[in-house]
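Before any comments, here is the structure.
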Amino acid sequence: MGKKNFKKKLGASLVERKKNLQEARKELAKSSSAKTKMQYSADQILDKVDEYIDSFQYELAQKFCQRALEMEPDNIRALETAGSLLLELGDTEAAKQCFGRAVEVNPDTGHSKYMYLGQLFEGAEAIQFFQKGIELMVKEREAQSAQELAAACGGEEKISGRDISTAYCSLAEIYMTDCCDEPNAESECETAINKAIEADGENPEAYQLKASFYLSKENKQEALSMIKKSASLWLPHYQAVDQDKITDEESDPVEVVPLSYDARVTTAKILIEVEEFETAVTILEGLLDENEDDPQIWYMIGWANYLQGEDYKSNARFYLKKCKEVYVKTKYEDEGLLKHTEELLAELGPGDDDEDDDAEGDGDDVEDLEIDSDSESESNTNNDSETKMEH
């Protein structure tokens with residue numbers, strides 16, 4: 001084949017031709033960039049977002065999620081994912097907007113957005129969101145049961161009885177707090193708790209809430225029964241894992257403790273209030289293993305020991321002193337806790353060295369607070385490391 005001839009553009013200088021070439025390259029780059037963006041759908045980008053979330057790269061995940069929203073502003077998956085990411089990043093107002101828009105776009109399916117909004121709002125608004133979310137959860141679960149396809153299909157994750165139970169617990173908490181002065185608050189709260197137990201009779205959070213409900217009615221005996229039931233649903237398993245009586249293969253590490261840190265603090269508070277001190281301290285010592293820089297936990301163990309009388313004074317003094325030390329160290333802000341700690345320490349008195357040694361030797365699992373001097377460190381170079389007590 002012969003060489004293809006191209007006609008030269010007459011009158012174009014070298015400078016002009018270079019300029020035209022640069023402009024053409026820019027246009028080509030824009031075109032290429034546009035094509036690259038169009039290669040990925042919003043769902044494909046959101047799949048990438050899920051990968052970043054799984055690796056805790058929330059800021060990067062949010063940037064990609066924003067790109068998906070630019071492509072499809074009313075994409076429900078993108079709106080809900082963006083909302084949860086914004087919550088993780090501390091931007092609650094923007095999260096509200098995302099979940100609110102998701103409700104506008106798709107009000108009658110998908111419970112998650114309503115449950116998030118229930119947590120973000122207060123009072124009557126929170127109740128409305130929780131109620132709608134629960135309504136949708138129940139419908140979705142009924143549909144799953146009727147079709148018997150939930151496990152086989154690759155759609156939305158199956159809704160469990162625990163999910164519905166936890167949702168009712170959230171509703172009950174609103175009636176206990178924000179809406180406690182409403183005319184029907186007590187009956188609505190009790191109804192929500194009973195429905196939580198009905199949805200999942202093995203949910204420790206539901207029984208804990210029932211214990212709180214009975215305490216608010218000054219029914220200490222029923223409160224004791226409910227909080228013991230709550231603890232029995234998770235504490236023995238937790239202790240078995242902690243003592244290596246259950247192997248990793250026999251236990252799901254995610255399910256070792258079904259209650260959050262804060263929920264277990266609440267459990268311990270209720271146990272102390274109903275004078276179930278031993279169980280309370282067991283739970284609190286487990287919390288110390290997770291976070292020994294929480295003054296509240298040291299205080300609660302000290303308070304539980306104080307309430308048990310004369311034989312426990314030295315232990316109470318030890319834990320309360322530790323509470324004050326950690327309070328200062330962490331710059332904790334709870335004047336009421338500090339004031340009560342100081343009042344208790346003043347009442348207990350300074351104690352003596354023997355009492356302090358006894359408190360350390362009781363196996364209460366507290367790290368030795370003694371600070372060795374330079375001379376002591378030198379003389380003990382070849383000795384065992386400083387004795388520690390298990391939390």
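Residues in the structure tokens are named by chain (A, B, ... in the order shown) and by number from 1 within that chain; ligands are numbered from 1 in the order shown.
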- Message: I need the helix (DSSP H, G or I) residues of range 109-263 of chain A per DSSP on the backbone, written as a PyMOL selection string.
- Response: chain A and resi 112-120+123-147+161-176+185-199+204-216+220-232+235-242+248-250+253-255+261-263
- Task: Write out as a PyMOL selection string which residues come within 12 Å of Asn305 in chain A when counting only C-alpha atoms, dropping same-chain ones fewer than 5 positions away.
- Result: chain A and resi 272+275-278+280-281+298-300+310-320+344+348+359+364
Output N, CA and C atoms for every residue in the selection just made, as a JSON list (two decimals), in the first residue's frame.
```
[["chain", "number", "residue", "atom", "x", "y", "z"],
["A", 272, "ILE", "N", -24.52, -3.54, 92.15],
["A", 272, "ILE", "CA", -24.14, -2.89, 93.41],
["A", 272, "ILE", "C", -25.38, -2.38, 94.12],
["A", 275, "GLU", "N", -27.10, -4.99, 95.86],
["A", 275, "GLU", "CA", -26.19, -5.61, 96.83],
["A", 275, "GLU", "C", -25.68, -6.98, 96.39],
["A", 276, "GLU", "N", -25.53, -7.16, 95.10],
["A", 276, "GLU", "CA", -24.92, -8.37, 94.56],
["A", 276, "GLU", "C", -23.45, -8.04, 94.27],
["A", 277, "PHE", "N", -22.69, -7.80, 95.35],
["A", 277, "PHE", "CA", -21.36, -7.20, 95.24],
["A", 277, "PHE", "C", -20.34, -8.09, 94.53],
["A", 278, "GLU", "N", -20.35, -9.37, 94.84],
["A", 278, "GLU", "CA", -19.33, -10.26, 94.28],
["A", 278, "GLU", "C", -19.40, -10.30, 92.75],
["A", 280, "ALA", "N", -20.77, -8.05, 90.84],
["A", 280, "ALA", "CA", -20.43, -6.71, 90.35],
["A", 280, "ALA", "C", -18.93, -6.55, 90.22],
["A", 281, "VAL", "N", -18.19, -6.95, 91.25],
["A", 281, "VAL", "CA", -16.74, -6.80, 91.24],
["A", 281, "VAL", "C", -16.11, -7.69, 90.16],
["A", 298, "TRP", "N", -12.40, 1.97, 88.89],
["A", 298, "TRP", "CA", -11.70, 1.90, 90.17],
["A", 298, "TRP", "C", -12.62, 2.38, 91.30],
["A", 299, "TYR", "N", -13.34, 3.46, 91.03],
["A", 299, "TYR", "CA", -14.27, 4.00, 92.03],
["A", 299, "TYR", "C", -15.35, 2.98, 92.38],
["A", 300, "MET", "N", -15.93, 2.35, 91.37],
["A", 300, "MET", "CA", -17.03, 1.42, 91.62],
["A", 300, "MET", "C", -16.58, 0.20, 92.42],
["A", 310, "GLU", "N", -16.66, -3.39, 107.46],
["A", 310, "GLU", "CA", -15.36, -3.25, 108.09],
["A", 310, "GLU", "C", -14.28, -4.14, 107.48],
["A", 311, "ASP", "N", -14.62, -5.38, 107.17],
["A", 311, "ASP", "CA", -13.62, -6.32, 106.66],
["A", 311, "ASP", "C", -13.08, -5.93, 105.29],
["A", 312, "TYR", "N", -13.75, -5.03, 104.61],
["A", 312, "TYR", "CA", -13.36, -4.67, 103.25],
["A", 312, "TYR", "C", -12.80, -3.25, 103.16],
["A", 313, "LYS", "N", -12.55, -2.63, 104.32],
["A", 313, "LYS", "CA", -12.09, -1.24, 104.31],
["A", 313, "LYS", "C", -10.76, -1.06, 103.61],
["A", 314, "SER", "N", -9.82, -1.96, 103.87],
["A", 314, "SER", "CA", -8.49, -1.79, 103.27],
["A", 314, "SER", "C", -8.57, -1.91, 101.75],
["A", 315, "ASN", "N", -9.39, -2.83, 101.26],
["A", 315, "ASN", "CA", -9.57, -2.94, 99.82],
["A", 315, "ASN", "C", -10.22, -1.69, 99.26],
["A", 316, "ALA", "N", -11.24, -1.20, 99.96],
["A", 316, "ALA", "CA", -11.94, 0.00, 99.51],
["A", 316, "ALA", "C", -10.97, 1.17, 99.42],
["A", 317, "ARG", "N", -10.12, 1.32, 100.46],
["A", 317, "ARG", "CA", -9.15, 2.41, 100.47],
["A", 317, "ARG", "C", -8.19, 2.30, 99.28],
["A", 318, "PHE", "N", -7.74, 1.08, 99.02],
["A", 318, "PHE", "CA", -6.79, 0.88, 97.92],
["A", 318, "PHE", "C", -7.38, 1.30, 96.58],
["A", 319, "TYR", "N", -8.58, 0.81, 96.29],
["A", 319, "TYR", "CA", -9.19, 1.10, 94.99],
["A", 319, "TYR", "C", -9.57, 2.58, 94.86],
["A", 320, "LEU", "N", -10.01, 3.18, 95.93],
["A", 320, "LEU", "CA", -10.39, 4.59, 95.88],
["A", 320, "LEU", "C", -9.16, 5.48, 95.69],
["A", 344, "LEU", "N", -15.13, 9.51, 100.84],
["A", 344, "LEU", "CA", -14.97, 8.13, 101.31],
["A", 344, "LEU", "C", -13.57, 7.90, 101.88],
["A", 348, "LEU", "N", -12.56, 6.75, 105.58],
["A", 348, "LEU", "CA", -11.78, 5.52, 105.80],
["A", 348, "LEU", "C", -10.49, 5.79, 106.55],
["A", 359, "ALA", "N", -4.16, -5.39, 101.30],
["A", 359, "ALA", "CA", -4.98, -5.10, 100.12],
["A", 359, "ALA", "C", -4.28, -5.57, 98.87],
["A", 364, "ASP", "N", -6.35, -9.08, 94.42],
["A", 364, "ASP", "CA", -7.34, -8.24, 93.75],
["A", 364, "ASP", "C", -6.86, -7.73, 92.42]]
```
- Query: CA of Cys180 in chain A to CA of Gln119 in chain A: how many Å, to one decimal?
  - Reply: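 Separating CA of Cys180 in chain A from CA of Gln119 in chain A is a distance of 16.6 Å.
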- Note on the structure: Judged by only C-alpha atoms, the minimum distance to Lys324 in chain A among A:Arg162, A:Gln44, A:Thr282, A:Leu345 is found for A:Leu345
- Task: Could you check how far CA of Gly83 in chain A sits from CA of Ala95 in chain A, in Å to one decimal?
- Result: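 Separation between CA of Gly83 in chain A and CA of Ala95 in chain A: 4.2 Å.
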- Find the spatial neighbours of range 230-239 of chain A, counting only C-alpha atoms, within a cut-off of 7 Å - ignore same-chain residues fewer than 3 positions away - and output them as a list of chain:residue names.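 Near range 230-239 of chain A, the qualifying residues are A:Glu202, A:Pro204, A:Glu205, A:Tyr207, A:Gln208, A:Met226, A:Ile227, A:Asp242, A:Gln243, A:Val256, A:Val257.
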- Distance query Leu287 in chain A at most 9 Å, only C-alpha atoms, self and fewer than 6 positions along chain excluded, as a PyMOL selection string: chain A and resi 261+264-265+294+297+391
- A:Glu325, A:Glu188, A:Glu290, A:Glu140: which is nearest Thr341 in chain A, counting only C-alpha atoms? A:Glu325
- Message: Taking only C-alpha atoms into account, name the residue in A:Leu171, A:Ala185, A:Leu271, A:Ala206 that is nearest to Leu224 in chain A.
- Response: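 Closest to Leu224 in chain A, using only C-alpha atoms: A:Leu271.
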